[in-house]
file data-v2.txt (compact mmCIF, C-alpha atoms)
# COMPACT_ATOMS: atom_id res chain seq x y z
CA MET A 3 -11.59 -8.34 30.06
CA LYS A 4 -14.07 -8.34 27.23
CA VAL A 5 -13.10 -5.96 24.46
CA GLU A 6 -15.86 -4.71 22.19
CA SER A 7 -14.74 -4.92 18.60
CA PRO A 8 -16.52 -3.95 15.40
CA LEU A 9 -14.56 -6.68 13.63
CA THR A 10 -15.73 -10.19 12.87
CA PHE A 11 -13.29 -13.05 12.78
CA ARG A 12 -13.62 -15.41 9.88
CA THR A 13 -11.10 -16.89 7.50
CA THR A 14 -13.06 -16.58 4.25
CA LEU A 15 -14.49 -13.56 2.48
CA PRO A 16 -18.25 -13.04 2.69
CA GLU A 17 -20.29 -13.98 -0.39
CA LEU A 18 -20.13 -11.50 -3.25
CA GLU A 19 -22.65 -11.05 -6.04
CA GLY A 20 -20.35 -10.67 -9.01
CA TYR A 21 -17.03 -9.68 -10.47
CA PHE A 22 -16.49 -7.40 -13.47
CA ARG A 23 -13.31 -6.21 -15.14
CA PRO A 24 -14.07 -3.30 -17.46
CA LYS A 25 -11.45 -2.51 -20.10
CA SER A 26 -12.24 1.17 -20.54
CA LEU A 27 -13.19 4.07 -18.31
CA ASP A 28 -16.54 4.51 -20.07
CA GLU A 29 -17.43 0.87 -19.46
CA ALA A 30 -16.44 1.21 -15.82
CA LEU A 31 -18.46 4.36 -15.29
CA SER A 32 -21.67 2.99 -16.79
CA LEU A 33 -21.25 -0.16 -14.74
CA LEU A 34 -20.72 1.88 -11.55
CA SER A 35 -23.72 4.03 -12.36
CA GLU A 36 -25.88 0.95 -12.88
CA LEU A 37 -24.66 -0.78 -9.70
CA GLY A 38 -24.76 2.26 -7.42
CA GLU A 39 -24.08 1.28 -3.82
CA ARG A 40 -23.78 -2.40 -4.72
CA ALA A 41 -20.41 -1.72 -6.38
CA LYS A 42 -17.08 -2.22 -4.64
CA ILE A 43 -14.15 -0.85 -6.57
CA TYR A 44 -11.18 -3.21 -6.53
CA ALA A 45 -7.63 -2.26 -7.45
CA GLY A 46 -4.75 -3.55 -5.32
CA GLY A 47 -7.05 -5.28 -2.84
CA THR A 48 -4.70 -4.66 0.07
CA ASP A 49 -7.33 -2.72 2.01
CA LEU A 50 -10.54 -3.96 0.38
CA LEU A 51 -10.06 -7.68 1.01
CA ILE A 52 -9.17 -7.08 4.65
CA ASP A 53 -12.19 -4.82 5.10
CA MET A 54 -14.59 -7.22 3.41
CA ARG A 55 -13.47 -10.06 5.67
CA LEU A 56 -13.16 -8.25 9.00
CA ARG A 57 -16.13 -5.90 8.59
CA ASN A 58 -18.24 -8.55 6.88
CA ILE A 59 -18.90 -6.52 3.75
CA GLY A 60 -20.66 -8.93 1.42
CA ASN A 61 -23.35 -8.95 -1.25
CA LYS A 62 -21.36 -6.52 -3.33
CA VAL A 63 -20.35 -6.58 -6.95
CA VAL A 64 -16.60 -6.21 -7.39
CA VAL A 65 -15.50 -3.85 -10.15
CA ASP A 66 -11.84 -4.48 -10.93
CA ILE A 67 -10.35 -1.33 -12.49
CA LYS A 68 -6.79 -2.59 -12.99
CA GLU A 69 -7.13 -3.19 -16.74
CA ILE A 70 -8.17 0.35 -17.56
CA ASN A 71 -5.04 1.78 -19.17
CA GLU A 72 -5.86 5.45 -18.71
CA LEU A 73 -6.01 5.00 -14.93
CA ARG A 74 -2.39 3.95 -14.75
CA GLY A 75 0.91 5.78 -14.95
CA ILE A 76 2.82 8.88 -13.92
CA ARG A 77 2.90 11.76 -16.39
CA GLU A 78 4.22 15.31 -16.32
CA GLU A 79 1.52 17.62 -17.68
CA GLY A 80 2.48 21.28 -17.69
CA ASP A 81 3.32 22.41 -14.16
CA SER A 82 1.85 19.34 -12.52
CA ILE A 83 2.30 15.61 -12.35
CA PHE A 84 -0.67 13.32 -12.91
CA ILE A 85 -0.62 9.99 -11.09
CA GLY A 86 -3.28 7.56 -12.30
CA ALA A 87 -5.48 5.95 -9.66
CA THR A 88 -4.23 2.40 -10.19
CA THR A 89 -0.56 3.38 -10.22
CA THR A 90 1.07 1.22 -7.58
CA ILE A 91 3.00 2.54 -4.62
CA HIS A 92 6.00 0.62 -5.97
CA GLU A 93 5.77 2.50 -9.26
CA ILE A 94 5.70 5.83 -7.40
CA LYS A 95 8.62 4.77 -5.22
CA THR A 96 10.78 3.87 -8.22
CA SER A 97 9.79 6.81 -10.44
CA SER A 98 12.66 9.21 -11.20
CA LEU A 99 10.11 11.93 -11.99
CA ILE A 100 8.63 11.66 -8.49
CA ALA A 101 12.09 11.54 -6.89
CA SER A 102 13.20 14.76 -8.58
CA ARG A 103 9.95 16.78 -8.54
CA LEU A 104 8.02 15.51 -5.51
CA PRO A 105 10.67 14.38 -3.00
CA LEU A 106 8.22 14.44 -0.08
CA LEU A 107 5.97 11.92 -1.82
CA LYS A 108 9.05 9.78 -2.46
CA GLN A 109 9.95 9.87 1.25
CA VAL A 110 6.41 8.93 2.22
CA VAL A 111 6.09 5.93 -0.11
CA GLU A 112 9.48 4.63 0.99
CA ARG A 113 7.90 4.01 4.40
CA PHE A 114 4.66 2.56 3.00
CA ALA A 115 3.83 -0.96 4.24
CA ASP A 116 6.27 -3.50 2.77
CA GLN A 117 7.62 -4.33 -0.67
CA PHE A 118 5.13 -7.08 -1.54
CA ILE A 119 2.22 -4.83 -0.52
CA ARG A 120 3.67 -1.86 -2.41
CA THR A 121 3.65 -3.89 -5.65
CA ARG A 122 -0.13 -4.26 -5.27
CA ALA A 123 -1.38 -1.23 -3.33
CA THR A 124 -2.44 1.76 -5.43
CA VAL A 125 -2.51 5.48 -4.75
CA GLY A 126 -6.22 5.67 -5.63
CA GLY A 127 -6.96 2.93 -3.14
CA ASN A 128 -4.92 4.62 -0.46
CA LEU A 129 -7.00 7.79 -0.93
CA CYS A 130 -10.43 6.17 -1.26
CA ASN A 131 -9.92 3.87 1.73
CA ALA A 132 -9.74 7.13 3.71
CA SER A 133 -7.91 5.72 6.69
CA PRO A 134 -6.90 8.35 9.24
CA ALA A 135 -3.50 6.64 9.13
CA ALA A 136 -3.12 6.65 5.33
CA ASP A 137 0.39 7.49 4.15
CA THR A 138 0.15 9.14 0.72
CA PRO A 139 -2.29 11.94 1.70
CA LEU A 140 0.37 13.44 3.97
CA ALA A 141 2.53 14.32 0.97
CA LEU A 142 -0.34 14.97 -1.45
CA LEU A 143 -1.98 17.44 0.97
CA ILE A 144 1.20 19.48 1.35
CA TYR A 145 1.68 19.70 -2.43
CA GLY A 146 -1.89 21.03 -2.80
CA SER A 147 -3.01 18.12 -4.99
CA GLU A 148 -6.38 17.71 -6.64
CA VAL A 149 -8.28 14.45 -6.81
CA GLU A 150 -9.75 13.77 -10.25
CA ILE A 151 -13.16 12.15 -10.16
CA ALA A 152 -15.26 10.80 -13.02
CA SER A 153 -18.81 9.54 -13.32
CA VAL A 154 -21.31 9.17 -16.17
CA ALA A 155 -22.28 12.77 -15.41
CA GLY A 156 -18.80 14.09 -16.21
CA ARG A 157 -15.49 14.85 -14.65
CA LYS A 158 -14.42 17.11 -11.82
CA ARG A 159 -11.40 18.00 -9.74
CA VAL A 160 -11.55 18.37 -5.97
CA PRO A 161 -8.79 19.77 -3.74
CA ILE A 162 -7.54 16.85 -1.70
CA LYS A 163 -8.07 18.79 1.54
CA ASP A 164 -11.83 18.61 0.81
CA PHE A 165 -11.80 14.94 -0.21
CA PHE A 166 -11.78 13.26 3.21
CA LYS A 167 -14.94 13.45 5.31
CA GLY A 168 -14.16 11.21 8.26
CA VAL A 169 -12.85 7.80 9.22
CA LYS A 170 -13.20 5.69 6.06
CA ARG A 171 -15.45 8.36 4.52
CA THR A 172 -14.84 10.54 1.46
CA ILE A 173 -16.96 12.88 -0.62
CA LEU A 174 -17.35 10.19 -3.31
CA ALA A 175 -20.95 9.44 -4.25
CA PRO A 176 -22.08 6.06 -5.62
CA GLY A 177 -21.17 5.88 -9.30
CA GLU A 178 -18.10 8.08 -8.92
CA LEU A 179 -14.58 6.84 -9.55
CA VAL A 180 -11.27 8.46 -8.66
CA THR A 181 -9.25 8.45 -11.88
CA GLY A 182 -6.09 9.92 -10.44
CA VAL A 183 -4.46 12.70 -8.53
CA ARG A 184 -2.91 15.84 -9.99
CA VAL A 185 0.04 17.21 -8.04
CA PRO A 186 1.34 20.74 -8.73
CA VAL A 187 5.14 20.77 -8.91
CA PRO A 188 6.66 23.46 -6.65
CA GLN A 189 8.49 25.95 -8.83
CA GLY A 190 11.18 26.97 -6.35
CA ARG A 191 13.48 25.00 -4.09
CA GLN A 192 11.85 22.68 -1.58
CA ARG A 193 13.11 21.16 1.65
CA VAL A 194 11.05 18.23 2.90
CA LYS A 195 10.99 15.83 5.81
CA TYR A 196 8.76 12.89 6.72
CA LEU A 197 8.64 11.24 10.12
CA ARG A 198 6.67 8.03 10.53
CA PHE A 199 6.41 6.76 14.09
CA ASP A 200 5.62 3.06 13.98
CA ARG A 201 6.63 -0.35 15.24
CA SER A 202 7.55 -1.35 11.72
CA SER A 203 6.49 0.06 8.37
CA GLU A 204 4.20 -2.88 7.61
CA ASP A 205 2.13 -1.84 10.62
CA LEU A 206 -0.03 1.27 10.46
CA MET A 207 1.62 4.46 11.66
CA ILE A 208 1.21 5.52 15.28
CA VAL A 209 1.66 9.10 14.11
CA GLY A 210 2.94 10.41 10.78
CA ILE A 211 4.19 13.95 10.26
CA ALA A 212 5.28 15.48 6.97
CA GLY A 213 6.80 18.93 6.59
CA ALA A 214 7.89 21.10 3.68
CA VAL A 215 9.49 24.47 3.16
CA PHE A 216 8.88 25.97 -0.28
CA GLU A 217 11.20 28.84 -1.01
CA GLY A 218 9.78 31.94 -2.68
CA ARG A 219 11.37 34.35 -5.17
CA GLU A 220 12.72 36.83 -2.60
CA PRO A 221 15.50 35.75 -0.25
CA GLY A 222 14.03 34.80 3.13
CA ASP A 223 10.60 34.40 1.61
CA PHE A 224 9.20 30.91 2.18
CA GLU A 225 6.05 28.91 2.81
CA PHE A 226 6.00 26.29 5.57
CA SER A 227 3.44 23.48 5.78
CA LEU A 228 2.92 20.44 7.98
CA SER A 229 0.56 17.47 7.70
CA TYR A 230 -0.36 14.85 10.28
CA GLY A 231 -1.65 11.27 10.06
CA ALA A 232 -3.41 9.18 12.71
CA VAL A 233 -4.15 12.09 15.04
CA ALA A 234 -7.66 12.98 13.82
CA PRO A 235 -10.52 11.34 11.86
CA THR A 236 -8.87 12.50 8.63
CA PRO A 237 -5.30 13.44 7.67
CA LEU A 238 -4.70 17.05 8.74
CA LEU A 239 -3.03 19.85 6.76
CA PHE A 240 -1.58 23.07 8.16
CA LYS A 241 -0.53 25.54 5.47
CA GLY A 242 1.08 28.93 5.84
CA LEU A 243 2.77 28.22 9.15
CA GLN A 244 5.74 30.48 8.28
CA ASP A 245 4.20 33.51 10.00
CA ALA A 246 3.65 31.63 13.24
CA TYR A 247 7.18 30.28 13.02
CA LYS A 248 8.67 33.73 12.48
CA ARG A 249 6.61 35.05 15.38
CA GLY A 250 7.41 32.42 17.97
CA GLY A 251 9.24 29.42 16.54
CA ALA A 252 8.13 25.85 17.18
CA ASP A 253 6.11 26.85 20.27
CA GLU A 254 3.87 29.06 18.19
CA VAL A 255 3.50 26.43 15.44
CA LEU A 256 2.60 23.77 18.01
CA LYS A 257 -0.06 26.03 19.51
CA ILE A 258 -1.86 26.05 16.16
CA VAL A 259 -1.36 22.34 15.56
CA LYS A 260 -2.52 21.23 19.00
CA GLU A 261 -5.82 23.06 18.62
CA LYS A 262 -6.75 20.75 15.75
CA VAL A 263 -5.29 17.36 16.60
CA SER A 264 -7.56 15.00 18.53
CA PRO A 265 -5.87 11.59 18.69
CA ILE A 266 -7.55 8.51 20.11
CA SER A 267 -6.16 5.66 22.17
CA ASP A 268 -6.06 2.31 20.42
CA VAL A 269 -3.99 -0.88 20.26
CA ARG A 270 -1.03 1.02 18.84
CA ALA A 271 -0.73 3.88 21.31
CA SER A 272 -2.55 6.00 23.86
CA LYS A 273 -3.76 9.45 22.95
CA GLU A 274 -1.26 10.91 25.42
CA TYR A 275 1.60 9.16 23.64
CA ARG A 276 0.33 10.37 20.27
CA MET A 277 0.23 13.95 21.59
CA HIS A 278 3.78 13.47 22.81
CA LEU A 279 4.85 12.32 19.32
CA VAL A 280 3.11 15.32 17.76
CA GLU A 281 5.14 17.61 20.01
CA VAL A 282 8.49 15.84 19.57
CA GLY A 283 8.04 15.17 15.85
CA THR A 284 6.98 18.72 15.05
CA ARG A 285 10.04 20.10 16.84
CA LEU A 286 12.34 17.64 15.04
CA ILE A 287 10.95 18.60 11.64
CA ILE A 288 11.17 22.32 12.37
CA LYS A 289 14.75 21.90 13.53
CA GLU A 290 15.68 20.02 10.38
CA LEU A 291 13.87 22.24 7.89
CA LEU A 292 14.24 25.66 9.49
CA GLY A 293 17.12 25.31 11.90
CA GLY A 294 15.44 26.89 14.93
CA VAL A 295 13.51 25.10 17.65
CA MET B 4 -15.37 -6.28 -20.37
CA SER B 5 -15.14 -9.64 -18.69
CA GLY B 6 -17.07 -10.70 -15.65
CA THR B 7 -20.26 -12.21 -14.47
CA ASP B 8 -22.84 -12.24 -11.74
CA GLY B 9 -22.23 -15.91 -11.03
CA GLU B 10 -19.18 -18.14 -11.08
CA ILE B 11 -16.18 -17.15 -13.12
CA GLN B 12 -14.12 -19.39 -15.37
CA VAL B 13 -10.43 -18.62 -14.80
CA LYS B 14 -7.54 -20.03 -16.82
CA LEU B 15 -4.18 -19.54 -15.21
CA LYS B 16 -0.73 -21.09 -15.43
CA VAL B 17 0.30 -22.64 -12.13
CA ASN B 18 3.81 -24.01 -11.76
CA GLY B 19 4.13 -24.30 -15.52
CA ARG B 20 0.78 -26.06 -16.12
CA MET B 21 -2.36 -24.47 -17.52
CA ARG B 22 -5.17 -24.92 -15.02
CA GLU B 23 -8.82 -24.06 -15.35
CA VAL B 24 -10.94 -23.36 -12.31
CA ARG B 25 -14.47 -22.13 -11.68
CA VAL B 26 -14.51 -19.68 -8.83
CA LYS B 27 -16.99 -17.57 -6.94
CA PRO B 28 -16.28 -13.81 -6.87
CA ASN B 29 -15.15 -14.00 -3.23
CA GLU B 30 -12.56 -16.72 -3.78
CA ARG B 31 -9.01 -15.59 -3.07
CA LEU B 32 -5.91 -16.88 -4.80
CA ILE B 33 -4.84 -18.51 -1.52
CA ASP B 34 -8.15 -20.44 -1.43
CA THR B 35 -7.82 -21.62 -5.02
CA LEU B 36 -4.20 -22.70 -4.64
CA ARG B 37 -4.73 -24.55 -1.36
CA GLU B 38 -8.22 -25.97 -1.72
CA LYS B 39 -8.69 -26.50 -5.46
CA LEU B 40 -5.12 -27.17 -6.57
CA GLY B 41 -3.77 -28.78 -3.39
CA LEU B 42 -0.76 -26.50 -3.07
CA LYS B 43 -0.39 -26.48 0.70
CA SER B 44 2.99 -24.71 0.70
CA VAL B 45 0.89 -21.55 0.48
CA LYS B 46 0.25 -20.96 4.18
CA MET B 47 -2.79 -19.45 5.84
CA GLY B 48 -1.29 -17.02 8.30
CA CYS B 49 -2.78 -13.66 9.22
CA LEU B 50 -4.95 -13.24 6.09
CA THR B 51 -4.42 -9.48 6.39
CA GLY B 52 -1.30 -9.14 4.28
CA GLU B 53 1.09 -8.75 7.17
CA CYS B 54 2.79 -12.10 7.74
CA GLY B 55 3.62 -12.93 4.13
CA THR B 56 3.41 -16.72 4.61
CA CYS B 57 0.91 -16.95 1.71
CA THR B 58 3.41 -15.36 -0.69
CA VAL B 59 3.43 -16.67 -4.26
CA LEU B 60 5.10 -15.38 -7.41
CA TYR B 61 2.30 -13.76 -9.39
CA ASN B 62 3.37 -12.83 -12.90
CA GLY B 63 6.91 -12.93 -11.61
CA GLN B 64 6.35 -10.70 -8.57
CA PRO B 65 6.16 -11.82 -4.94
CA VAL B 66 2.58 -11.13 -3.85
CA LYS B 67 0.51 -12.02 -0.79
CA SER B 68 -2.12 -14.38 -2.15
CA CYS B 69 -4.60 -13.70 0.68
CA LEU B 70 -5.20 -10.25 -0.84
CA VAL B 71 -5.81 -11.31 -4.46
CA LEU B 72 -9.17 -12.38 -5.87
CA THR B 73 -8.75 -15.40 -8.13
CA ALA B 74 -11.24 -13.87 -10.57
CA GLU B 75 -8.56 -11.38 -11.65
CA ALA B 76 -5.96 -14.11 -12.27
CA ASP B 77 -7.26 -15.13 -15.70
CA GLY B 78 -4.25 -15.38 -18.01
CA LYS B 79 -1.79 -14.85 -15.17
CA GLU B 80 1.09 -17.04 -14.06
CA VAL B 81 1.56 -18.32 -10.51
CA ILE B 82 4.59 -20.06 -9.04
CA THR B 83 4.62 -21.74 -5.63
CA VAL B 84 7.39 -23.71 -3.96
CA GLU B 85 5.97 -26.95 -5.43
CA GLY B 86 6.85 -25.56 -8.86
CA LEU B 87 10.51 -25.18 -7.95
CA ALA B 88 11.01 -28.87 -7.11
CA GLY B 89 13.88 -30.43 -9.00
CA SER B 90 15.25 -27.14 -10.35
CA ASP B 91 18.89 -26.07 -10.04
CA GLU B 92 17.75 -23.00 -8.14
CA MET B 93 15.87 -25.12 -5.60
CA ARG B 94 18.92 -27.34 -5.06
CA ARG B 95 20.98 -24.27 -4.32
CA ILE B 96 18.29 -22.75 -2.07
CA THR B 97 17.98 -26.02 -0.15
CA GLU B 98 21.73 -26.10 0.34
CA VAL B 99 22.07 -22.52 1.62
CA PHE B 100 18.98 -22.73 3.85
CA ALA B 101 20.20 -26.03 5.37
CA ARG B 102 23.75 -24.80 5.83
CA ASN B 103 22.57 -21.67 7.65
CA ASN B 104 19.75 -23.29 9.64
CA ALA B 105 17.50 -20.72 8.03
CA PHE B 106 14.31 -22.23 9.44
CA GLN B 107 12.95 -23.62 12.65
CA CYS B 108 9.23 -24.36 12.59
CA GLY B 109 9.19 -23.98 8.81
CA PHE B 110 5.90 -22.12 8.50
CA CYS B 111 7.46 -19.09 6.78
CA THR B 112 9.98 -21.16 4.80
CA PRO B 113 7.98 -21.53 1.55
CA ALA B 114 7.66 -17.75 1.38
CA PHE B 115 11.35 -17.17 2.02
CA VAL B 116 12.27 -19.88 -0.50
CA LEU B 117 10.19 -18.08 -3.12
CA LEU B 118 11.88 -14.83 -2.16
CA ALA B 119 15.29 -16.49 -2.60
CA TYR B 120 14.21 -17.79 -6.01
CA TRP B 121 12.91 -14.34 -7.02
CA LEU B 122 16.17 -12.70 -5.93
CA MET B 123 18.19 -15.25 -7.94
CA LYS B 124 16.05 -14.72 -11.04
CA VAL B 125 15.26 -11.02 -10.91
CA LYS B 126 17.71 -9.33 -8.53
CA PRO B 127 20.90 -11.40 -8.57
CA LYS B 128 22.92 -8.28 -7.76
CA ALA B 129 20.71 -7.17 -4.85
CA THR B 130 22.56 -5.33 -2.10
CA ASP B 131 22.24 -6.35 1.55
CA GLU B 132 19.84 -3.42 2.03
CA GLU B 133 17.68 -4.56 -0.87
CA ILE B 134 17.58 -8.10 0.51
CA LEU B 135 16.58 -6.73 3.91
CA GLU B 136 13.89 -4.53 2.38
CA ALA B 137 12.36 -7.43 0.46
CA SER B 138 12.57 -9.68 3.55
CA ASN B 139 10.52 -7.19 5.57
CA SER B 140 7.47 -8.50 3.72
CA ILE B 141 7.64 -11.89 5.46
CA LEU B 142 7.49 -12.54 9.19
CA CYS B 143 9.46 -15.30 10.88
CA ARG B 144 8.70 -15.83 14.57
CA CYS B 145 11.50 -18.31 15.27
CA THR B 146 14.86 -17.53 13.77
CA GLY B 147 15.40 -13.85 14.45
CA TYR B 148 16.09 -13.49 10.69
CA THR B 149 19.90 -13.50 10.87
CA GLN B 150 20.18 -17.00 9.41
CA ILE B 151 17.52 -16.35 6.77
CA LEU B 152 19.21 -13.15 5.61
CA GLN B 153 22.52 -14.99 5.41
CA ALA B 154 20.92 -17.76 3.36
CA LEU B 155 19.34 -15.23 0.99
CA LYS B 156 22.72 -13.52 0.53
CA GLU B 157 24.42 -16.82 -0.18
CA ALA B 158 21.64 -17.85 -2.58
CA ILE B 159 22.57 -15.01 -4.92
CA SER B 160 26.27 -14.77 -4.16
CA ARG B 161 27.29 -17.13 -6.98
CA VAL B 162 24.49 -16.61 -9.47

call {"tool": "encode", "arguments": {"input": "data-v2.txt", "output": "structure tokens"}}
result
Amino acid sequence: MKVESPLTFRTTLPELEGYFRPKSLDEALSLLSELGERAKIYAGGTDLLIDMRLRNIGNKVVVDIKEINELRGIREEGDSIFIGATTTIHEIKTSSLIASRLPLLKQVVERFADQFIRTRATVGGNLCNASPAADTPLALLIYGSEVEIASVAGRKRVPIKDFFKGVKRTILAPGELVTGVRVPVPQGRQRVKYLRFDRSSEDLMIVGIAGAVFEGREPGDFEFSLSYGAVAPTPLLFKGLQDAYKRGGADEVLKIVKEKVSPISDVRASKEYRMHLVEVGTRLIIKELLGGV
Amino acid sequence: MSGTDGEIQVKLKVNGRMREVRVKPNERLIDTLREKLGLKSVKMGCLTGECGTCTVLYNGQPVKSCLVLTAEADGKEVITVEGLAGSDEMRRITEVFARNNAFQCGFCTPAFVLLAYWLMKVKPKATDEEILEASNSILCRCTGYTQILQALKEAISRV
């Protein structure tokens, strides 16, 4: 059987036009503005180098942003935590601040690829690569994060739920650079759970489901959210599911979820199997976080 | 800012020796090490960062060299298995790998040897879980891992 594939098979990378390593954000932004669509932003390389080889993306100028200090690090700023774009997944996984304030993000990065990849892969790269199966968006969506974007024209913040536009597509325009992600820290107690269905973590997820219950001030008052990976062109977020849950438990929640998910069949699983995992996984998470089924 | 539209001059320390190479922007660390510096212990496996057979120590960290552009390696330090030859650590690694039959075809062995060396140097108190977690980065299609994990445990058991 002949399988149509968009991928090319070669062992080397296609020719590139140049390589630049700016030392400051200003330098990087003017370079990106000058290069426009010719620029390819390079951080960990764990997605970019695979893409360039398999999708034959050549004739680009590589802009390596790893030496820009202000793009790196995890800082508490007021009621939120800022994670710089070139902060590695390993740094997030081993951060005590993330473990105590953003436990769902911690759970997600623990299942991210493998240790050698985590030392290189960055959170900014994971967002900008915009894979439907990306890991970190599942936690960042539930926490209501904002993506910080800079260009020579200035800076802006975009809610992460508006950042993804489709498979491998974001709202970023040529010349724009993600500088980091700002994650609001929940003020009350939080219960979180992440389920990643996969053959092994170094493979992409078949389906990923993250859930969180944020407790409110009044007893019995809570907010319930779920997010899903690899079941639609972009990661999906469902906020405010507590009313549906109170009305009809997991059945009611699944009704809402199933209206939006549209998985495909690929080498990892059929769409039917993915739908099955959505059903089973959602029920497991609800059982763990809310007790009922 | 450093960089260029053409070839890039990169100075890096490889196995303790300063080396200078001229590379094109699309040259990966695996290409430089194998083709320019003759270090064939760095294996071409999947080239997508999954198999881990191209692992090298890059500034002290195990990294898959098929996903690193050499252009960024200016001023960095790289260690491959060739650089371990003759060291006390390598003698010990050889002993524990041989005793446990921790290889069959040998294709993944350089990567696992570097992992053993890294564990001895950086994580001599690693728990079994930590050893397993680190090992997940390298695929072996022959042994079933049991022997390799045992060898890695023994490599650090008397450090």

call {"tool": "atom_distance", "arguments": {"input": "data-v2.txt", "atom1": "atom CA of B:Lys79", "atom2": "atom CA of B:Lys14"}}
result
7.9 Å

call {"tool": "atom_distance", "arguments": {"input": "data-v2.txt", "atom1": "atom CA of A:Gly210", "atom2": "atom CA of A:Tyr230"}}
result
5.6 Å

call {"tool": "interface_residues", "arguments": {"input": "data-v2.txt", "of": "chain A", "to": "chain B", "cutoff": "10 Å", "atoms": "only C-alpha atoms", "output": "VMD selection string"}}
result
chain A and resid 12 to 26 29 to 30 44 to 56 60 to 66 68 to 69 115 to 122 202 to 205

call {"tool": "atom_distance", "arguments": {"input": "data-v2.txt", "atom1": "atom CA of B:Ile134", "atom2": "atom CA of B:Val84"}}
result
19.2 Å

call {"tool": "residues_near_point", "arguments": {"input": "data-v2.txt", "point": "(11.1, 18.7, 1.6)", "cutoff": "7 Å", "atoms": "only C-alpha atoms", "output": "list in words"}}
result
Pro105, Leu106, Gln192, Arg193, Val194, Lys195, Gly213, Ala214 and Val215 of chain A

call {"tool": "residues_around", "arguments": {"input": "data-v2.txt", "residues": "stretch 117-126 of chain B", "least_positions_apart": "2", "cutoff": "8 Å", "atoms": "only C-alpha atoms", "output": "number ranges by chain"}}
result
B: 58-60, 63-65, 83-84, 92-93, 96, 113-115, 128-129, 137-138, 155, 158-159, 162

call {"tool": "residues_around", "arguments": {"input": "data-v2.txt", "residues": "A:Ser227", "least_positions_apart": "2", "cutoff": "10 Å", "atoms": "all atoms listed in the file", "output": "mmCIF file with C-alpha atoms, keeping the file's coordinate frame"}}
result
data_model
loop_
_atom_site.group_PDB
_atom_site.id
_atom_site.type_symbol
_atom_site.label_atom_id
_atom_site.label_comp_id
_atom_site.auth_asym_id
_atom_site.auth_seq_id
_atom_site.Cartn_x
_atom_site.Cartn_y
_atom_site.Cartn_z
ATOM 1 C CA LEU A 143 -1.980 17.440 0.970
ATOM 2 C CA ILE A 144 1.200 19.480 1.350
ATOM 3 C CA TYR A 145 1.680 19.700 -2.430
ATOM 4 C CA VAL A 194 11.050 18.230 2.900
ATOM 5 C CA ALA A 212 5.280 15.480 6.970
ATOM 6 C CA GLY A 213 6.800 18.930 6.590
ATOM 7 C CA ALA A 214 7.890 21.100 3.680
ATOM 8 C CA VAL A 215 9.490 24.470 3.160
ATOM 9 C CA PHE A 216 8.880 25.970 -0.280
ATOM 10 C CA GLU A 225 6.050 28.910 2.810
ATOM 11 C CA SER A 229 0.560 17.470 7.700
ATOM 12 C CA LEU A 239 -3.030 19.850 6.760
ATOM 13 C CA PHE A 240 -1.580 23.070 8.160
ATOM 14 C CA LYS A 241 -0.530 25.540 5.470
ATOM 15 C CA GLY A 242 1.080 28.930 5.840
ATOM 16 C CA LEU A 243 2.770 28.220 9.150
ATOM 17 C CA GLN A 244 5.740 30.480 8.280
#
